[in-house]
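Structure data follow from data-v6.cif (mmCIF, C-alpha atoms):
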```cif
data_upload
loop_
_atom_site.label_atom_id
_atom_site.label_comp_id
_atom_site.auth_asym_id
_atom_site.auth_seq_id
_atom_site.Cartn_x
_atom_site.Cartn_y
_atom_site.Cartn_z
CA MET A 880 25.35 23.27 -8.08
CA SER A 881 25.07 19.77 -6.72
CA LEU A 882 23.35 18.67 -3.55
CA LYS A 883 25.64 17.18 -0.92
CA CYS A 884 24.45 13.78 0.25
CA VAL A 885 25.42 11.68 3.24
CA ILE A 886 24.56 7.99 3.66
CA ILE A 887 24.37 6.37 7.09
CA ASP A 888 23.75 2.62 7.13
CA ASP A 889 25.35 0.01 9.35
CA GLU A 890 25.43 -2.56 6.55
CA PRO A 891 28.03 -2.01 3.83
CA ILE A 892 25.84 -3.43 1.06
CA GLY A 893 22.99 -1.17 2.17
CA SER A 894 25.03 1.97 1.58
CA GLU A 895 26.65 0.51 -1.53
CA ILE A 896 23.23 0.21 -3.20
CA ILE A 897 22.23 3.78 -2.33
CA ARG A 898 25.59 5.04 -3.48
CA SER A 899 25.29 3.31 -6.85
CA TYR A 900 21.82 4.82 -7.38
CA ILE A 901 23.00 8.32 -6.48
CA ALA A 902 25.92 7.97 -8.89
CA GLU A 903 23.41 7.87 -11.76
CA ILE A 904 21.58 11.03 -10.74
CA PRO A 905 22.87 14.40 -11.85
CA PHE A 906 23.08 17.13 -9.20
CA LEU A 907 23.57 14.66 -6.37
CA ASP A 908 27.01 14.02 -4.86
CA VAL A 909 27.87 11.67 -2.04
CA THR A 910 30.24 13.51 0.28
CA ALA A 911 30.43 10.93 3.06
CA VAL A 912 29.26 7.43 4.02
CA PHE A 913 29.08 6.17 7.61
CA SER A 914 28.52 2.72 9.01
CA ASN A 915 27.62 3.90 12.48
CA ALA A 916 25.32 6.55 13.82
CA GLU A 917 27.74 8.26 16.24
CA GLU A 918 30.36 9.01 13.58
CA GLY A 919 27.68 10.20 11.23
CA LEU A 920 26.25 12.49 13.87
CA GLU A 921 29.65 14.07 14.58
CA TYR A 922 30.21 14.72 10.91
CA LEU A 923 26.75 16.21 10.39
CA LYS A 924 27.15 18.54 13.36
CA ALA A 925 30.38 19.88 11.89
CA THR A 926 29.51 19.90 8.19
CA GLY A 927 26.54 21.25 6.31
CA VAL A 928 24.88 18.75 3.98
CA ASP A 929 21.74 18.91 1.87
CA VAL A 930 20.35 15.40 1.88
CA LEU A 931 20.63 12.56 4.38
CA PHE A 932 19.94 8.91 3.48
CA LEU A 933 19.40 7.33 6.83
CA ASP A 934 18.90 3.79 8.09
CA ILE A 935 16.81 3.50 11.26
CA GLU A 936 17.78 0.42 13.21
CA MET A 937 21.48 0.76 13.90
CA LYS A 938 23.61 -0.30 16.83
CA GLY A 939 23.96 2.33 19.52
CA MET A 940 21.59 4.98 18.20
CA THR A 941 18.60 4.85 15.88
CA GLY A 942 18.41 7.03 12.82
CA ILE A 943 15.40 8.75 14.35
CA GLU A 944 17.37 9.74 17.47
CA LEU A 945 20.23 10.88 15.30
CA TYR A 946 18.06 13.12 13.15
CA ARG A 947 16.25 14.62 16.14
CA SER A 948 19.55 15.63 17.71
CA LEU A 949 20.76 17.55 14.65
CA PRO A 950 20.86 21.32 15.13
CA VAL A 951 20.47 21.87 11.38
CA GLN A 952 18.34 19.24 9.68
CA PRO A 953 19.03 18.34 6.06
CA ALA A 954 16.34 16.89 3.79
CA LEU A 955 15.71 13.37 5.00
CA ILE A 956 15.13 10.08 3.18
CA PHE A 957 14.80 7.01 5.35
CA THR A 958 16.14 3.69 4.06
CA THR A 959 15.00 0.88 6.30
CA ALA A 960 13.59 -2.62 6.48
CA TYR A 961 11.09 -1.51 9.14
CA PRO A 962 7.70 -0.27 7.90
CA SER A 963 6.60 0.36 11.48
CA HIS A 964 8.48 3.65 11.75
CA ALA A 965 6.74 5.24 8.77
CA ILE A 966 4.53 7.40 11.00
CA THR A 967 7.58 8.79 12.78
CA GLY A 968 9.07 9.43 9.36
CA TYR A 969 6.01 11.48 8.56
CA ASP A 970 6.30 13.41 11.84
CA LEU A 971 9.92 14.22 11.06
CA ASP A 972 8.75 15.61 7.72
CA ALA A 973 10.91 13.11 5.82
CA VAL A 974 10.90 13.46 2.03
CA ASP A 975 10.36 9.73 1.69
CA TYR A 976 10.46 6.47 3.51
CA LEU A 977 12.10 3.72 1.47
CA LEU A 978 11.69 0.09 2.40
CA LYS A 979 14.55 -2.31 1.79
CA PRO A 980 15.25 -3.86 -0.60
CA ILE A 981 14.90 -0.60 -2.51
CA SER A 982 14.52 -0.81 -6.29
CA GLN A 983 16.15 1.80 -8.47
CA GLU A 984 12.75 2.80 -9.79
CA ARG A 985 11.43 3.45 -6.29
CA PHE A 986 14.59 5.33 -5.37
CA GLU A 987 14.17 7.63 -8.35
CA LYS A 988 10.64 8.44 -7.24
CA ALA A 989 12.05 9.54 -3.90
CA ILE A 990 14.53 11.78 -5.70
CA ASP A 991 11.68 13.32 -7.72
CA LYS A 992 9.98 14.14 -4.43
CA LEU A 993 13.22 15.53 -3.08
CA PHE A 994 13.56 17.97 -5.98
CA LEU A 995 9.91 18.98 -5.69
CA LYS A 996 10.38 19.70 -2.01
CA ILE A 997 13.55 21.68 -2.55
CA ASP A 998 11.88 23.68 -5.34
CA ALA A 999 8.87 24.35 -3.14
CA ALA A 1000 11.09 25.50 -0.27
CA SER A 1001 12.93 27.97 -2.51
CA GLN A 1002 9.64 29.17 -4.05
CA SER A 1003 7.99 29.84 -0.72
CA GLY A 1004 10.97 32.01 0.19
CA LYS A 1005 10.18 34.23 -2.79
CA LYS A 1006 6.47 34.69 -2.62
CA LYS A 1007 3.57 33.04 -0.95
CA SER A 1008 1.42 31.59 -3.70
CA ALA A 1009 -2.31 31.00 -3.55
CA LEU A 1010 -3.47 27.60 -2.26
CA PRO A 1011 -3.66 24.93 -4.97
CA THR A 1012 -7.17 24.15 -6.18
CA PHE A 1013 -6.69 20.39 -6.36
CA PHE A 1014 -4.74 17.48 -4.99
CA PHE A 1015 -4.09 13.89 -6.02
CA ILE A 1016 -4.93 10.58 -4.49
CA LYS A 1017 -2.93 7.53 -5.36
CA VAL A 1018 -5.13 4.75 -6.63
CA GLY A 1019 -3.26 1.64 -7.66
CA GLY A 1020 -0.64 2.76 -10.11
CA GLU A 1021 -2.17 6.12 -10.92
CA ARG A 1022 -2.94 9.45 -9.35
CA VAL A 1023 -6.48 10.75 -9.54
CA LYS A 1024 -6.97 14.49 -9.48
CA ILE A 1025 -9.51 15.79 -6.97
CA GLU A 1026 -10.67 19.39 -6.91
CA TYR A 1027 -11.21 20.68 -3.39
CA LYS A 1028 -14.41 22.40 -4.44
CA SER A 1029 -15.90 19.15 -5.74
CA ILE A 1030 -15.64 17.43 -2.36
CA VAL A 1031 -18.90 17.05 -0.45
CA TYR A 1032 -17.63 15.16 2.56
CA ILE A 1033 -15.08 12.65 3.77
CA GLU A 1034 -15.82 9.51 5.68
CA GLY A 1035 -13.13 7.84 7.78
CA LEU A 1036 -12.95 4.05 7.63
CA GLU A 1037 -10.58 1.88 9.58
CA ASN A 1038 -7.55 2.23 7.38
CA TYR A 1039 -9.02 4.30 4.61
CA VAL A 1040 -10.90 7.44 3.95
CA ARG A 1041 -13.72 7.64 1.46
CA ILE A 1042 -13.89 10.95 -0.37
CA PHE A 1043 -17.38 11.77 -1.62
CA CYS A 1044 -17.27 14.26 -4.49
CA ASP A 1045 -20.15 15.74 -6.48
CA ASN A 1046 -20.50 12.79 -8.81
CA GLU A 1047 -18.09 10.15 -7.63
CA SER A 1048 -16.48 8.72 -4.55
CA TYR A 1049 -12.93 7.57 -4.01
CA ILE A 1050 -11.13 5.47 -1.47
CA ALA A 1051 -7.69 6.58 -0.36
CA ALA A 1052 -5.29 4.81 1.96
CA SER A 1053 -5.02 7.59 4.50
CA THR A 1054 -6.20 8.55 7.96
CA MET A 1055 -8.70 11.18 9.09
CA LYS A 1056 -5.82 12.96 10.80
CA ASN A 1057 -3.87 13.24 7.55
CA ILE A 1058 -6.78 14.28 5.42
CA GLU A 1059 -7.88 16.84 8.00
CA LYS A 1060 -4.43 18.38 7.91
CA ILE A 1061 -4.73 18.76 4.14
CA LEU A 1062 -8.30 20.10 4.14
CA LEU A 1063 -8.33 22.48 7.12
CA PRO A 1064 -6.57 25.34 5.26
CA TYR A 1065 -9.53 25.19 2.83
CA GLY A 1066 -12.08 25.79 5.56
CA PHE A 1067 -13.33 22.21 5.75
CA LEU A 1068 -15.12 21.32 8.94
CA ARG A 1069 -14.68 18.28 11.13
CA ILE A 1070 -18.09 17.34 12.51
CA HIS A 1071 -17.57 13.82 13.75
CA ARG A 1072 -14.82 11.35 14.49
CA SER A 1073 -15.56 9.86 11.06
CA TYR A 1074 -16.71 12.89 9.05
CA ILE A 1075 -15.24 16.03 7.55
CA VAL A 1076 -17.57 18.19 5.46
CA ASN A 1077 -17.15 20.92 2.89
CA PRO A 1078 -19.10 23.89 4.36
CA GLU A 1079 -19.89 25.13 0.82
CA LYS A 1080 -22.10 22.06 0.35
CA ILE A 1081 -24.11 22.37 3.56
CA LYS A 1082 -27.80 22.93 2.86
CA ARG A 1083 -29.33 22.86 6.34
CA ILE A 1084 -28.32 22.44 9.97
CA ARG A 1085 -30.81 21.20 12.51
CA ASN A 1086 -29.87 20.21 16.07
CA ASN A 1087 -26.93 17.97 15.40
CA CYS A 1088 -27.88 17.02 11.88
CA ILE A 1089 -26.14 18.46 8.83
CA THR A 1090 -27.84 18.07 5.46
CA LEU A 1091 -25.67 17.79 2.37
CA PRO A 1092 -26.77 17.04 -1.21
CA ASN A 1093 -28.18 13.50 -1.03
CA LYS A 1094 -26.80 12.90 2.43
CA GLU A 1095 -27.53 13.68 6.04
CA LEU A 1096 -24.78 13.44 8.66
CA THR A 1097 -24.89 13.49 12.44
CA CYS A 1098 -22.42 15.62 14.37
CA GLY A 1099 -20.29 13.99 17.04
CA LYS A 1100 -20.77 15.46 20.50
CA ASN A 1101 -17.05 16.15 20.87
CA TYR A 1102 -17.21 18.36 17.79
CA LYS A 1103 -20.29 20.34 18.74
CA ALA A 1104 -18.37 23.20 20.37
CA SER A 1105 -16.15 23.74 17.33
CA ILE A 1106 -19.19 23.57 15.01
CA VAL A 1107 -20.98 26.24 17.06
CA GLU A 1108 -17.83 28.36 16.99
CA TRP A 1109 -17.64 27.95 13.21
CA LEU A 1110 -21.31 28.86 12.85
CA MET A 1111 -20.74 32.14 14.76
CA GLU A 1112 -18.59 33.39 11.89
CA TYR A 1113 -21.66 33.55 9.68
CA ALA A 1114 -24.69 35.80 9.94
CA SER A 1115 -27.90 34.05 10.96
CA ILE A 1116 -31.03 36.15 10.61
CA MET B 66 -16.98 -23.98 14.32
CA ASP B 67 -15.86 -21.60 11.59
CA GLN B 68 -15.23 -19.01 14.22
CA LEU B 69 -13.04 -21.46 16.14
CA ILE B 70 -11.03 -22.39 13.09
CA ARG B 71 -10.59 -18.78 12.22
CA GLU B 72 -9.43 -17.90 15.70
CA ARG B 73 -7.02 -20.77 15.74
CA LEU B 74 -5.61 -19.74 12.37
CA GLU B 75 -5.29 -16.17 13.51
CA SER B 76 -3.40 -17.11 16.64
CA GLU B 77 -1.17 -19.42 14.62
CA LEU B 78 -0.45 -16.63 12.20
CA ALA B 79 0.32 -14.23 15.04
CA SER B 80 2.76 -16.65 16.63
CA LEU B 81 4.45 -17.33 13.27
CA LYS B 82 4.78 -13.62 12.73
CA SER B 83 6.43 -13.13 16.10
CA GLN B 84 8.81 -16.07 15.63
CA THR B 85 10.28 -15.07 12.33
CA ASN B 86 11.62 -11.60 12.40
CA PRO B 87 10.53 -10.06 9.10
CA HIS B 88 13.03 -7.23 9.43
CA PHE B 89 15.81 -9.75 9.39
CA LEU B 90 14.34 -11.24 6.22
CA PHE B 91 14.06 -7.90 4.45
CA ASN B 92 17.58 -6.88 5.46
CA ALA B 93 18.81 -10.24 4.21
CA LEU B 94 16.97 -9.76 0.91
CA ASN B 95 18.57 -6.35 0.64
CA THR B 96 21.99 -7.94 1.02
CA ILE B 97 21.25 -10.53 -1.65
CA TYR B 98 19.85 -7.77 -3.84
CA GLY B 99 23.12 -5.84 -3.47
CA LEU B 100 25.15 -8.95 -4.27
CA SER B 101 23.11 -9.61 -7.43
CA ARG B 102 23.67 -6.04 -8.54
CA ARG B 103 27.40 -6.46 -8.06
CA GLN B 104 27.23 -9.37 -10.50
CA LYS B 105 25.15 -7.22 -12.86
CA ASP B 106 22.46 -9.86 -12.60
CA ASP B 107 19.37 -7.80 -13.26
CA SER B 108 16.97 -10.72 -13.43
CA ALA B 109 17.94 -11.95 -9.97
CA ALA B 110 17.86 -8.39 -8.59
CA ASN B 111 14.40 -7.78 -10.06
CA ALA B 112 13.11 -11.09 -8.75
CA ILE B 113 14.23 -10.11 -5.24
CA ILE B 114 12.35 -6.82 -5.50
CA GLN B 115 9.23 -8.65 -6.72
CA LEU B 116 9.41 -11.19 -3.93
CA SER B 117 9.92 -8.45 -1.33
CA ASP B 118 6.87 -6.55 -2.57
CA ILE B 119 4.80 -9.72 -2.31
CA MET B 120 6.07 -10.50 1.19
CA ARG B 121 5.56 -6.96 2.43
CA TYR B 122 1.97 -6.98 1.27
CA VAL B 123 1.19 -10.30 2.93
CA LEU B 124 3.03 -9.53 6.16
CA TYR B 125 2.19 -5.91 6.75
CA GLU B 126 -0.83 -4.83 4.76
CA CYS B 127 -3.19 -7.78 5.00
CA ASP B 128 -4.04 -7.66 8.70
CA VAL B 129 -7.26 -5.82 7.89
CA PRO B 130 -10.67 -7.36 7.14
CA PHE B 131 -10.94 -5.51 3.81
CA ILE B 132 -8.49 -3.85 1.50
CA ALA B 133 -8.75 -1.65 -1.60
CA ILE B 134 -9.28 -4.07 -4.47
CA ASP B 135 -6.86 -2.29 -6.77
CA ARG B 136 -4.14 -2.85 -4.18
CA GLU B 137 -5.03 -6.54 -4.07
CA ILE B 138 -4.88 -6.67 -7.87
CA VAL B 139 -1.40 -5.16 -7.91
CA PHE B 140 -0.46 -7.98 -5.57
CA LEU B 141 -2.10 -10.65 -7.78
CA LYS B 142 -0.22 -9.33 -10.81
CA GLN B 143 3.03 -9.46 -8.88
CA TYR B 144 2.23 -12.97 -7.75
CA VAL B 145 1.50 -14.12 -11.29
CA ALA B 146 4.66 -12.47 -12.59
CA PHE B 147 6.66 -14.24 -9.94
CA ALA B 148 4.96 -17.56 -10.61
CA ALA B 149 5.81 -17.11 -14.29
CA LEU B 150 9.49 -16.76 -13.35
CA ARG B 151 9.31 -20.08 -11.59
CA SER B 152 7.54 -21.89 -14.37
CA TYR B 153 8.49 -23.75 -17.52
CA ASP B 154 5.26 -22.60 -19.07
CA SER B 155 5.36 -18.88 -18.48
CA GLU B 156 3.83 -18.17 -21.87
CA HIS B 157 0.84 -20.33 -20.96
CA ILE B 158 -0.17 -18.13 -18.04
CA SER B 159 -2.76 -15.49 -18.75
CA LEU B 160 -4.27 -12.89 -16.45
CA GLU B 161 -7.11 -10.76 -17.77
CA ILE B 162 -8.29 -7.83 -15.71
CA SER B 163 -11.02 -5.38 -16.58
CA GLY B 164 -13.28 -2.90 -14.82
CA ASP B 165 -12.98 0.19 -12.67
CA PHE B 166 -11.48 -1.07 -9.43
CA ARG B 167 -11.00 2.26 -7.73
CA HIS B 168 -13.95 2.33 -5.38
CA HIS B 169 -14.24 -1.13 -3.91
CA LEU B 170 -12.84 -3.18 -1.10
CA ILE B 171 -12.26 -6.91 -0.91
CA ALA B 172 -11.20 -9.43 1.72
CA PRO B 173 -7.42 -9.63 1.31
CA LEU B 174 -5.69 -12.81 0.10
CA LEU B 175 -8.94 -14.46 -0.92
CA LEU B 176 -8.53 -14.75 -4.70
CA ILE B 177 -4.89 -15.70 -4.35
CA GLN B 178 -5.92 -19.04 -2.91
CA PHE B 179 -7.48 -20.06 -6.24
CA LEU B 180 -4.38 -18.92 -8.09
CA GLU B 181 -2.13 -20.90 -5.79
CA ASN B 182 -4.28 -23.93 -6.35
CA ALA B 183 -4.22 -23.48 -10.12
CA PHE B 184 -0.49 -22.98 -10.24
CA LYS B 185 0.06 -25.99 -8.05
CA HIS B 186 -2.00 -28.29 -10.24
CA GLY B 187 -1.87 -26.60 -13.61
CA LEU B 188 1.81 -25.97 -14.06
CA GLY B 189 4.29 -28.75 -13.95
CA SER B 190 7.13 -30.34 -15.76
CA SER B 191 5.43 -31.17 -19.04
CA SER B 192 5.17 -28.45 -21.63
CA ASP B 193 1.45 -28.27 -22.40
CA ASN B 194 0.24 -26.85 -19.10
CA TRP B 195 -1.72 -23.67 -18.75
CA VAL B 196 -3.46 -21.37 -16.28
CA LYS B 197 -6.06 -18.77 -17.24
CA VAL B 198 -7.32 -16.17 -14.81
CA ALA B 199 -9.90 -13.44 -15.40
CA ILE B 200 -11.00 -10.76 -12.95
CA ILE B 201 -13.86 -8.60 -14.15
CA LEU B 202 -15.69 -5.98 -12.17
CA ASN B 203 -19.15 -4.77 -13.27
CA GLY B 204 -20.52 -2.19 -10.89
CA ASN B 205 -20.08 -3.93 -7.57
CA GLU B 206 -20.23 -7.43 -9.01
CA LEU B 207 -16.90 -9.15 -9.17
CA ASN B 208 -16.53 -12.04 -11.59
CA PHE B 209 -13.54 -14.16 -11.01
CA SER B 210 -12.63 -17.19 -13.05
CA CYS B 211 -9.62 -19.39 -12.84
CA SER B 212 -8.93 -22.41 -15.06
CA ASN B 213 -6.06 -24.77 -15.40
CA ASN B 214 -5.28 -27.93 -17.27
CA TYR B 215 -6.26 -31.00 -15.37
CA ASN B 216 -5.11 -34.52 -15.44
CA GLU B 217 -7.05 -37.00 -13.31
CA ARG B 218 -4.15 -39.42 -13.10
CA THR B 219 -1.53 -37.01 -11.82
CA ILE B 220 -3.93 -35.20 -9.53
CA ASN B 221 -4.91 -38.43 -7.78
CA ASN B 222 -1.30 -39.15 -6.99
CA ARG B 223 -1.04 -36.03 -4.96
CA LYS B 224 -2.27 -35.63 -1.44
CA GLY B 225 -4.12 -32.78 0.15
CA ASN B 226 -6.21 -31.76 -2.85
CA GLY B 227 -9.46 -30.05 -2.10
CA ILE B 228 -8.58 -29.12 1.45
CA GLY B 229 -7.45 -25.67 0.36
CA LEU B 230 -10.67 -25.11 -1.57
CA LYS B 231 -12.75 -26.27 1.38
CA GLY B 232 -11.07 -23.61 3.49
CA VAL B 233 -11.69 -20.91 0.95
CA LYS B 234 -15.36 -21.91 0.67
CA ARG B 235 -15.72 -21.47 4.41
CA ARG B 236 -14.09 -18.12 4.24
CA LEU B 237 -16.51 -17.05 1.51
CA GLU B 238 -19.44 -18.10 3.72
CA LEU B 239 -18.04 -16.07 6.58
CA VAL B 240 -17.14 -12.92 4.71
CA TYR B 241 -19.74 -12.82 1.93
CA PRO B 242 -22.73 -14.76 3.27
CA GLY B 243 -25.51 -14.86 0.66
CA ARG B 244 -23.51 -12.51 -1.55
CA HIS B 245 -21.44 -14.94 -3.53
CA LYS B 246 -21.80 -17.78 -5.99
CA PHE B 247 -19.10 -20.37 -6.29
CA GLU B 248 -18.87 -23.13 -8.90
CA ILE B 249 -16.33 -25.74 -9.80
CA HIS B 250 -16.32 -27.56 -13.15
CA LYS B 251 -14.10 -30.48 -13.90
CA SER B 252 -13.74 -31.84 -17.40
CA ASP B 253 -11.30 -34.38 -18.78
CA CYS B 254 -8.63 -31.85 -19.32
CA SER B 255 -9.53 -28.71 -17.42
CA PHE B 256 -10.43 -27.55 -13.96
CA ASP B 257 -12.51 -24.36 -13.84
CA ILE B 258 -13.56 -22.18 -10.97
CA ASN B 259 -16.15 -19.45 -11.25
CA LEU B 260 -16.76 -17.08 -8.43
CA THR B 261 -19.13 -14.12 -8.33
CA ILE B 262 -19.10 -11.78 -5.35
CA GLU B 263 -21.22 -8.75 -4.56
CA LEU B 264 -18.59 -6.50 -3.09
#
```
Translate this file's structure into structure tokens.
Amino acid sequence: MSLKCVIIDDEPIGSEIIRSYIAEIPFLDVTAVFSNAEEGLEYLKATGVDVLFLDIEMKGMTGIELYRSLPVQPALIFTTAYPSHAITGYDLDAVDYLLKPISQERFEKAIDKLFLKIDAASQSGKKKSALPTFFFIKVGGERVKIEYKSIVYIEGLENYVRIFCDNESYIAASTMKNIEKILLPYGFLRIHRSYIVNPEKIKRIRNNCITLPNKELTCGKNYKASIVEWLMEYASI
Amino acid sequence: MDQLIRERLESELASLKSQTNPHFLFNALNTIYGLSRRQKDDSAANAIIQLSDIMRYVLYECDVPFIAIDREIVFLKQYVAFAALRSYDSEHISLEISGDFRHHLIAPLLLIQFLENAFKHGLGSSSDNWVKVAIILNGNELNFSCSNNYNERTINNRKGNGIGLKGVKRRLELVYPGRHKFEIHKSDCSFDINLTIEL
């Protein structure tokens, strides 16, 4: 069964490019193309679709407003010339955020993500699997595998985070907020505006100092309460 | 003085950024990209993608004091690939890169200035021009070298030489004070730059 796709873009060549890419991908069918947001919105309210390729800056209504007003939200891939909305794209849980001009290669990556997401959604309906033991960070053209248990702590830099593992450290283009979201389910502990630690690696705690292998970190005063709360979960004799 | 120049440059850059609307440019490139695809002109379409990647990096990612060096290297490769498209001597351009670049940061758009300079002077209309670039990282020591063919006669006919390199020297002093070594060698037929930075 194919996935039903809708393209909304106020420039004809914009949607033509997306359409030609989709034509080469099995299991994807374009069911409608719209050049303005209002018409697209009407159609989407009346008709169920699986995937929406959506421009952002359009006359009348932005793609973001359009998507937010949908009662049933299909999988979303933004196609835009504006990098500044990427954070909103993340908030809307978009599959991907493609910047124009979009190469075919980049488009196909987005479709890979789309299938992964759809697979994951159907899997989670069946049974809740155990948390993965590793994740990847993108470094240049490759993905480096990082095991959660190897992480000692994370340091937030201005536009990057530095991930200190047992034997190596890595820099990833991410924010503390993002990385915290990923690590919290694993029991990681935020101790400072710029630090997240792996509690497994903690050796000693004194006042507001946490000792890790080869490193001592100071707790931020805003995080003290949550650290104390965390500490209560463990016996101290 | 350096601080003043830097501030002036930064405000100039900011005003340039606000004047030209980059979204318009990228939408326009998208249109031209679509038109090239209609003509089945893959080389034009690919060149537009390359150019867009380069522009996006410069316009949106480089407003930070330091950037992951592997990201900068992706950019340099794209720049060299694009320069090769524009050149008669594309087979005489070499870019050697070695080392583990994953864990270091660098001031963005620093090394590119040497490349621009080399491409400006090294590549031209005659057929025996060349540019050689090597970027080697050992631990946290970055060795960068950039050479191009050099012809005293043609260089002297051009204006503005050296000003670009003066600017980049200043920037090195500001960003890597006491942590860099910069040398220029001129011979009869080649112009070589060697730069070592402790990242």
**OP:** Pick out the residues sitting within 6 Å of segment 1066-1082 of chain A, and hand them over as a PyMOL selection string; count only C-alpha atoms, and ignore anything fewer than 3 positions along from it in its own chain.
**Re:** chain A and resi 1031-1035+1062-1063+1090-1091+1098-1099+1102
Please build the interface table for chain A against chain B with a cut-off of 10 Å, listing for each qualifying residue the nearest atom pair and the distance in Å to one decimal; count all atoms listed in the file, order rows by chain and increasing number, and write it as JSON lines.
```
{"residue": "A:Glu890", "atom": "CA", "partner": "B:Thr96", "partner_atom": "CA", "distance": 8.4}
{"residue": "A:Pro891", "atom": "CA", "partner": "B:Thr96", "partner_atom": "CA", "distance": 8.9}
{"residue": "A:Ile892", "atom": "CA", "partner": "B:Gly99", "partner_atom": "CA", "distance": 5.8}
{"residue": "A:Gly893", "atom": "CA", "partner": "B:Thr96", "partner_atom": "CA", "distance": 6.9}
{"residue": "A:Ser894", "atom": "CA", "partner": "B:Gly99", "partner_atom": "CA", "distance": 9.5}
{"residue": "A:Glu895", "atom": "CA", "partner": "B:Gly99", "partner_atom": "CA", "distance": 7.5}
{"residue": "A:Ile896", "atom": "CA", "partner": "B:Gly99", "partner_atom": "CA", "distance": 6.1}
{"residue": "A:Ile897", "atom": "CA", "partner": "B:Gly99", "partner_atom": "CA", "distance": 9.7}
{"residue": "A:Ser899", "atom": "CA", "partner": "B:Arg102", "partner_atom": "CA", "distance": 9.6}
{"residue": "A:Glu936", "atom": "CA", "partner": "B:His88", "partner_atom": "CA", "distance": 9.8}
{"residue": "A:Thr959", "atom": "CA", "partner": "B:Asn92", "partner_atom": "CA", "distance": 8.2}
{"residue": "A:Ala960", "atom": "CA", "partner": "B:His88", "partner_atom": "CA", "distance": 5.5}
{"residue": "A:Tyr961", "atom": "CA", "partner": "B:His88", "partner_atom": "CA", "distance": 6.0}
{"residue": "A:Pro962", "atom": "CA", "partner": "B:Tyr125", "partner_atom": "CA", "distance": 8.0}
{"residue": "A:Ser963", "atom": "CA", "partner": "B:Tyr125", "partner_atom": "CA", "distance": 9.0}
{"residue": "A:Leu978", "atom": "CA", "partner": "B:Phe91", "partner_atom": "CA", "distance": 8.6}
{"residue": "A:Lys979", "atom": "CA", "partner": "B:Asn95", "partner_atom": "CA", "distance": 5.8}
{"residue": "A:Pro980", "atom": "CA", "partner": "B:Asn95", "partner_atom": "CA", "distance": 4.3}
{"residue": "A:Ile981", "atom": "CA", "partner": "B:Ile114", "partner_atom": "CA", "distance": 7.4}
{"residue": "A:Ser982", "atom": "CA", "partner": "B:Ile114", "partner_atom": "CA", "distance": 6.4}
{"residue": "A:Gln983", "atom": "CA", "partner": "B:Asn111", "partner_atom": "CA", "distance": 9.9}
{"residue": "A:Lys1017", "atom": "CA", "partner": "B:Arg167", "partner_atom": "CA", "distance": 9.9}
{"residue": "A:Val1018", "atom": "CA", "partner": "B:Arg167", "partner_atom": "CA", "distance": 6.5}
{"residue": "A:Gly1019", "atom": "CA", "partner": "B:Asp135", "partner_atom": "CA", "distance": 5.4}
{"residue": "A:Gly1020", "atom": "CA", "partner": "B:Val139", "partner_atom": "CA", "distance": 8.3}
{"residue": "A:Val1023", "atom": "CA", "partner": "B:Arg167", "partner_atom": "CA", "distance": 9.8}
{"residue": "A:Glu1037", "atom": "CA", "partner": "B:Val129", "partner_atom": "CA", "distance": 8.6}
{"residue": "A:Asn1038", "atom": "CA", "partner": "B:Val129", "partner_atom": "CA", "distance": 8.1}
{"residue": "A:Tyr1039", "atom": "CA", "partner": "B:Ala133", "partner_atom": "CA", "distance": 8.6}
{"residue": "A:Arg1041", "atom": "CA", "partner": "B:His168", "partner_atom": "CA", "distance": 8.7}
{"residue": "A:Ile1042", "atom": "CA", "partner": "B:His168", "partner_atom": "CA", "distance": 10.0}
{"residue": "A:Glu1047", "atom": "CA", "partner": "B:His168", "partner_atom": "CA", "distance": 9.1}
{"residue": "A:Ser1048", "atom": "CA", "partner": "B:His168", "partner_atom": "CA", "distance": 6.9}
{"residue": "A:Tyr1049", "atom": "CA", "partner": "B:His168", "partner_atom": "CA", "distance": 5.5}
{"residue": "A:Ile1050", "atom": "CA", "partner": "B:His168", "partner_atom": "CA", "distance": 5.8}
{"residue": "A:Ala1051", "atom": "CA", "partner": "B:Ala133", "partner_atom": "CA", "distance": 8.4}
{"residue": "A:Ala1052", "atom": "CA", "partner": "B:Ala133", "partner_atom": "CA", "distance": 8.1}
```
Excluding Ala79 of chain B and its own-chain neighbours fewer than 6 positions away, which residues fall within 12 Å of it when counting only C-alpha atoms? Please give them as a CSV table (one decimal) with C-alpha atoms, keeping the file's coordinate frame.
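Written file, around_0.csv:
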```csv
chain,number,residue,atom,x,y,z
B,72,GLU,CA,-9.4,-17.9,15.7
B,73,ARG,CA,-7.0,-20.8,15.7
B,85,THR,CA,10.3,-15.1,12.3
B,86,ASN,CA,11.6,-11.6,12.4
B,124,LEU,CA,3.0,-9.5,6.2
B,125,TYR,CA,2.2,-5.9,6.8
B,128,ASP,CA,-4.0,-7.7,8.7
```
**OP:** For the structure provided, state which residues fall under the PyMOL selection byres ((chain B and resi 246) around 6), and present them as a PyMOL selection string.
**Re:** chain B and resi 245+247+260-261
Original post:
atom CA of Cys1088 of chain A and atom CA of Val1107 of chain A, how far apart in Å?
Top reply: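 Pair atom CA of Val1107 of chain A / atom CA of Cys1088 of chain A returns 12.6 Å.
Note on the selection: in this file the PyMOL selection byres ((chain A and resi 905-910) around 8) comes out as Met880, Ser881, Leu882, Lys883, Cys884, Val885, Ile886, Arg898, Ile901, Ala902, Glu903, Ile904, Ala911 and Val912 of chain A.
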Original post:
Contacts of Ser212 of chain B at 8 Å or less, counting all atoms listed in the file, minus same-chain residues fewer than 3 places along, as an MDAnalysis selection string?
Top reply: chainID B and resid 183 196:198 255:258
